[in-house]
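S.K.: Just my_file_33.txt, nothing more (compact mmCIF, C-alpha atoms):
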# COMPACT_ATOMS: atom_id res chain seq x y z
CA MET C 1 94.42 24.88 147.46
CA LEU C 2 92.73 25.33 144.12
CA SER C 3 89.04 25.40 143.32
CA ILE C 4 87.50 22.41 141.52
CA THR C 5 87.20 24.56 138.38
CA GLU C 6 90.88 25.49 138.53
CA GLU C 7 91.84 21.84 138.98
CA ASN C 8 89.72 20.89 135.97
CA TYR C 9 91.47 23.50 133.84
CA ILE C 10 94.90 22.19 134.82
CA LYS C 11 93.83 18.60 134.11
CA HIS C 12 92.46 19.50 130.67
CA ILE C 13 95.56 21.48 129.73
CA LEU C 14 97.72 18.51 130.74
CA SER C 15 95.51 16.07 128.82
CA LEU C 16 95.66 18.17 125.65
CA ASP C 17 99.40 18.60 126.08
CA LEU C 18 99.93 14.83 126.38
CA GLU C 19 97.82 14.17 123.29
CA SER C 20 99.53 16.82 121.17
CA ILE C 21 102.69 16.31 119.16
CA SER C 22 103.35 20.06 119.31
CA ILE C 23 106.01 21.41 121.68
CA PHE C 24 104.50 24.90 121.62
CA GLY C 25 101.65 24.32 124.08
CA VAL C 26 97.87 24.32 123.97
CA GLY C 27 95.66 26.87 122.19
CA THR C 28 92.89 28.77 124.02
CA ASN C 29 90.22 27.74 121.50
CA GLU C 30 91.35 24.13 121.82
CA LEU C 31 91.03 24.35 125.60
CA ALA C 32 87.61 26.06 125.40
CA LEU C 33 86.33 23.27 123.15
CA SER C 34 87.67 20.60 125.51
CA LEU C 35 85.95 22.22 128.50
CA SER C 36 82.78 23.20 126.57
CA VAL C 37 83.10 26.85 127.66
CA LYS C 38 83.47 30.19 125.87
CA PRO C 39 86.99 31.42 125.00
CA SER C 40 86.32 34.56 127.05
CA SER C 41 85.81 32.40 130.16
CA VAL C 42 89.06 30.59 129.41
CA ASN C 43 91.01 33.86 129.29
CA VAL C 44 89.73 34.89 132.73
CA MET C 45 90.76 31.57 134.27
CA LEU C 46 94.15 31.56 132.56
CA LYS C 47 95.01 34.84 134.24
CA LYS C 48 94.26 33.28 137.64
CA LEU C 49 96.36 30.21 136.90
CA ARG C 50 99.25 32.36 135.68
CA GLU C 51 99.13 34.40 138.89
CA LYS C 52 99.51 31.14 140.81
CA SER C 53 102.56 30.18 138.69
CA LEU C 54 100.81 27.11 137.28
CA ILE C 55 100.98 28.13 133.62
CA GLU C 56 102.95 30.32 131.25
CA TYR C 57 100.65 32.27 128.96
CA GLU C 58 100.50 35.49 126.98
CA LYS C 59 97.27 36.74 125.38
CA TYR C 60 96.64 35.07 122.00
CA GLY C 61 99.60 32.80 122.65
CA LYS C 62 99.89 29.13 123.56
CA ILE C 63 99.37 27.78 127.08
CA GLN C 64 102.19 25.84 128.73
CA LEU C 65 102.20 24.29 132.18
CA THR C 66 105.02 25.25 134.50
CA GLU C 67 106.85 22.47 136.32
CA LYS C 68 104.62 23.18 139.32
CA GLY C 69 101.49 23.10 137.16
CA ARG C 70 102.46 19.88 135.41
CA LEU C 71 103.11 18.10 138.73
CA PHE C 72 99.78 19.34 140.05
CA GLY C 73 98.04 18.10 136.91
CA MET C 74 99.70 14.70 137.16
CA THR C 75 98.52 14.45 140.77
CA ILE C 76 94.91 14.98 139.68
CA VAL C 77 95.24 12.43 136.86
CA ARG C 78 96.85 9.97 139.29
CA LYS C 79 93.96 10.27 141.74
CA HIS C 80 91.39 9.96 138.97
CA ARG C 81 92.89 6.79 137.52
CA LEU C 82 93.46 5.18 140.92
CA TRP C 83 89.82 5.82 141.85
CA GLU C 84 88.68 4.37 138.52
CA THR C 85 90.75 1.27 139.24
CA PHE C 86 89.33 0.97 142.76
CA LEU C 87 85.75 1.31 141.57
CA TYR C 88 86.29 -1.23 138.79
CA GLN C 89 88.29 -3.83 140.72
CA LYS C 90 86.81 -3.60 144.20
CA LEU C 91 83.26 -2.26 143.86
CA ASP C 92 82.24 -3.97 140.61
CA PHE C 93 81.56 -0.80 138.67
CA THR C 94 81.67 -1.38 134.93
CA TRP C 95 84.36 0.41 132.92
CA ASP C 96 81.75 2.74 131.42
CA GLU C 97 80.58 3.82 134.91
CA VAL C 98 83.87 4.65 136.63
CA HIS C 99 84.81 7.89 134.86
CA GLU C 100 81.93 10.01 136.11
CA VAL C 101 82.37 8.92 139.74
CA ALA C 102 86.16 9.35 139.59
CA GLU C 103 85.60 12.91 138.33
CA GLN C 104 84.14 13.65 141.77
CA LEU C 105 86.66 11.66 143.82
CA GLU C 106 89.74 13.12 142.11
CA HIS C 107 89.31 16.39 144.05
CA ILE C 108 89.89 14.76 147.47
CA GLN C 109 93.03 16.39 148.89
CA SER C 110 94.33 13.76 151.36
CA VAL C 111 97.80 12.64 150.28
CA LYS C 112 97.74 9.84 152.85
CA LEU C 113 94.48 8.47 151.43
CA VAL C 114 95.88 8.37 147.89
CA GLU C 115 99.07 6.63 149.07
CA LYS C 116 97.04 4.00 150.95
CA LEU C 117 94.69 3.56 147.99
CA ASP C 118 97.66 2.92 145.69
CA LYS C 119 99.10 0.35 148.12
CA PHE C 120 95.70 -1.30 148.65
CA LEU C 121 95.36 -1.79 144.89
CA GLY C 122 98.85 -3.27 144.61
CA PHE C 123 100.42 -0.26 142.90
CA PRO C 124 98.63 -0.64 139.54
CA LYS C 125 100.33 0.67 136.39
CA ILE C 126 97.21 1.21 134.25
CA ASP C 127 93.55 2.05 134.85
CA PRO C 128 90.52 0.07 133.52
CA HIS C 129 90.73 1.93 130.19
CA GLY C 130 94.39 1.08 129.68
CA ASP C 131 95.71 4.54 130.54
CA PRO C 132 98.99 4.74 132.53
CA ILE C 133 98.76 5.85 136.17
CA PRO C 134 101.32 8.53 137.11
CA THR C 135 103.60 7.89 140.09
CA GLU C 136 103.50 10.05 143.23
CA LYS C 137 106.40 12.00 141.68
CA GLY C 138 104.35 12.82 138.60
CA GLU C 139 106.20 10.40 136.33
CA ILE C 140 104.19 8.66 133.64
CA LYS C 141 105.13 5.89 131.22
CA ILE C 142 104.01 6.75 127.70
CA VAL C 143 103.74 3.72 125.43
CA SER C 144 103.98 4.21 121.68
CA LYS C 145 100.58 3.21 120.26
CA LEU C 146 98.74 3.13 116.96
CA PHE C 147 95.07 3.55 116.22
CA LEU C 148 93.12 0.58 114.91
CA SER C 149 92.39 2.70 111.81
CA GLU C 150 96.11 2.59 110.96
CA ILE C 151 96.42 -1.20 110.90
CA GLU C 152 96.52 -2.78 107.46
CA PRO C 153 94.29 -5.75 106.47
CA GLY C 154 95.87 -9.08 107.30
CA LYS C 155 97.61 -7.73 110.40
CA LYS C 156 96.90 -8.59 114.04
CA CYS C 157 97.12 -6.15 116.93
CA LYS C 158 96.32 -5.91 120.64
CA MET C 159 93.96 -3.35 122.12
CA VAL C 160 95.79 -1.50 124.89
CA SER C 161 93.57 1.52 125.60
CA VAL C 162 90.72 3.69 124.33
CA LYS C 163 90.85 7.35 123.35
CA ASP C 164 87.14 7.96 123.97
CA ASN C 165 86.14 7.31 127.61
CA SER C 166 82.46 8.21 127.18
CA ALA C 167 79.96 5.71 128.52
CA VAL C 168 78.18 5.31 125.18
CA PHE C 169 81.45 4.46 123.38
CA LEU C 170 82.66 2.05 126.08
CA LYS C 171 79.31 0.21 126.05
CA PHE C 172 79.62 -0.25 122.30
CA VAL C 173 83.18 -1.55 122.67
CA GLN C 174 81.93 -4.07 125.21
CA GLU C 175 79.06 -5.14 122.95
CA LEU C 176 81.63 -6.07 120.32
CA GLY C 177 83.31 -8.36 122.86
CA LEU C 178 86.37 -6.11 123.08
CA SER C 179 88.38 -5.40 126.22
CA ILE C 180 91.90 -4.35 127.16
CA ASN C 181 94.57 -6.79 125.87
CA ASN C 182 92.18 -8.44 123.39
CA GLU C 183 93.74 -9.46 120.09
CA ILE C 184 92.13 -7.94 117.00
CA GLU C 185 92.65 -9.14 113.45
CA VAL C 186 91.96 -6.61 110.70
CA LEU C 187 90.32 -8.52 107.86
CA SER C 188 89.48 -5.83 105.32
CA LYS C 189 88.84 -2.13 104.70
CA LEU C 190 86.24 -0.54 102.44
CA ASP C 191 87.50 2.26 100.21
CA PHE C 192 84.02 3.86 100.15
CA ASP C 193 83.75 4.84 103.82
CA GLU C 194 86.98 3.38 105.27
CA SER C 195 85.00 1.09 107.55
CA ILE C 196 86.93 -1.93 108.81
CA GLU C 197 86.04 -5.58 109.18
CA ILE C 198 87.66 -7.06 112.27
CA SER C 199 87.73 -10.39 114.06
CA VAL C 200 87.69 -10.58 117.87
CA ASN C 201 87.51 -13.95 119.63
CA ASN C 202 86.58 -15.52 116.26
CA GLN C 203 83.62 -13.14 115.94
CA LYS C 204 83.55 -10.88 112.88
CA SER C 205 82.29 -7.27 113.05
CA ARG C 206 82.37 -4.21 110.81
CA VAL C 207 83.24 -0.95 112.54
CA SER C 208 83.38 2.66 111.36
CA LYS C 209 86.51 4.70 110.76
CA LYS C 210 85.50 6.91 113.72
CA PHE C 211 85.32 3.87 115.98
CA ALA C 212 88.72 2.63 114.79
CA GLN C 213 90.25 6.05 115.46
CA ASN C 214 89.35 5.69 119.15
CA ILE C 215 90.82 2.22 119.72
CA CYS C 216 94.53 2.30 120.65
CA VAL C 217 96.56 -0.77 119.75
CA ILE C 218 100.05 -2.20 119.42
CA LEU C 219 101.02 -4.65 116.71
CA SER C 220 100.90 -8.31 117.70
CA ASP C 221 104.01 -10.47 117.78
CA LYS C 222 102.08 -12.98 115.66
CA ASN C 223 102.37 -10.87 112.49
Let me see whether you can do it: turn the structure in this file into structure tokens.

M.R.:
Amino acid sequence: MLSITEENYIKHILSLDLESISIFGVGTNELALSLSVKPSSVNVMLKKLREKSLIEYEKYGKIQLTEKGRLFGMTIVRKHRLWETFLYQKLDFTWDEVHEVAEQLEHIQSVKLVEKLDKFLGFPKIDPHGDPIPTEKGEIKIVSKLFLSEIEPGKKCKMVSVKDNSAVFLKFVQELGLSINNEIEVLSKLDFDESIEISVNNQKSRVSKKFAQNICVILSDKN
């Protein structure tokens, strides 16, 4: 049994590891920023996690999850994304509401409950934000994706997930009429600020570079 704080550390290390293209692990400052805590607090917790054989870490070095730690992290992510899916599909929560509630529910320890939840939902592969749901064995299907900011004018793409899961960002996405699996056509880009004009459901909008860097897409077959 780990404390909620310890579980959160493992989840954040895993998340940063999945996002990174580096094979050398996660930096302490990077982890501190992700958790919004001081680096000194991170060092104290890392010692505890190392003692429990969940991470490999030397002072001033990179943090790497052990096989045990990675499986534990995947279990937390699996619970979180299943609960998000349940809240969205069965309780009519909006996709900008589910994250905060799932943050609380992901710490429930019952293996039987999670197995039954997965079966009840029909063994979903992705959550409401388009993120893959790990299997009970900790396996996860990573799909090669691009950011909307990388798509050239004249090309069409399909939104498959979002990088930013904050409520304020998701509300803005929804206001633009965007949702998972929507087709987006990139019409033009401004050299001045790299903002992008897009078309969604025949509605034109101009979005910022920052916005486009948080929308994950795959190229459409229609190109």

S.K.: May I have the protein, DNA and RNA residues with an atom at most 9 Å from (102.2, -10.9, 116.7), counting all atoms listed in the file in the file's coordinates, returned as a PyMOL selection string?

M.R.: chain C and resi 155-158+219-223

S.K.: Between C:Asn165, C:Asn8, C:Asn29, C:Gln109, single out the one closest to Glu84 (chain C), counting all atoms listed in the file.

M.R.: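 Looking at the shortest contact to Glu84 (chain C), the residue is C:Asn165.
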
S.K.: Kindly provide, as a list in words, the polymer residues lying within 12 Å of (103.9, 7.9, 135.5), counting only C-alpha atoms and using the coordinates exactly as they appear in the file.

M.R.: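 So the residues meeting the distance criterion are Leu71, Gly73, Met74, Thr75, Val77, Arg78, Lys79, Arg81, Phe123, Pro124, Lys125, Ile126, Asp127, Asp131, Pro132, Ile133, Pro134, Thr135, Glu136, Lys137, Gly138, Glu139, Ile140, Lys141, Ile142 and Val143 of chain C.
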
S.K.: So which one's closest to Leu82 (chain C), C:Leu170, C:Glu106, C:Lys145, C:Glu152? Using all atoms listed in the file, please.

M.R.: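 Checking each of C:Leu170, C:Glu106, C:Lys145, C:Glu152 against Leu82 (chain C), counting all atoms listed in the file, the winner is C:Glu106.
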
S.K.: Set the distance at 12 Å and use only C-alpha atoms: which residues neighbour Lys171 (chain C) once local chain neighbours fewer than 6 positions away are removed? I'd like the list as a PDB file with C-alpha atoms, keeping the file's coordinate frame.

M.R.:
ATOM      1  CA  THR C  94      81.670  -1.380 134.930  1.00  0.00           C
ATOM      2  CA  TRP C  95      84.360   0.410 132.920  1.00  0.00           C
ATOM      3  CA  ASP C  96      81.750   2.740 131.420  1.00  0.00           C
ATOM      4  CA  GLU C  97      80.580   3.820 134.910  1.00  0.00           C
ATOM      5  CA  ASP C 164      87.140   7.960 123.970  1.00  0.00           C
ATOM      6  CA  ASN C 165      86.140   7.310 127.610  1.00  0.00           C
ATOM      7  CA  GLY C 177      83.310  -8.360 122.860  1.00  0.00           C
ATOM      8  CA  LEU C 178      86.370  -6.110 123.080  1.00  0.00           C
ATOM      9  CA  SER C 179      88.380  -5.400 126.220  1.00  0.00           C
TER      10      SER C 179
END

S.K.: Which residue, C:Leu2, C:Val37, C:Asp191, C:Gly130, has the smallest gap to Leu54 (chain C) when you use only C-alpha atoms?

M.R.: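 Ranking C:Leu2, C:Val37, C:Asp191, C:Gly130 by distance to Leu54 (chain C), first place goes to C:Leu2.
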
S.K.: Separation of CA of Gln104 (chain C) and CA of Ser15 (chain C), in Å?

M.R.: 17.4 Å
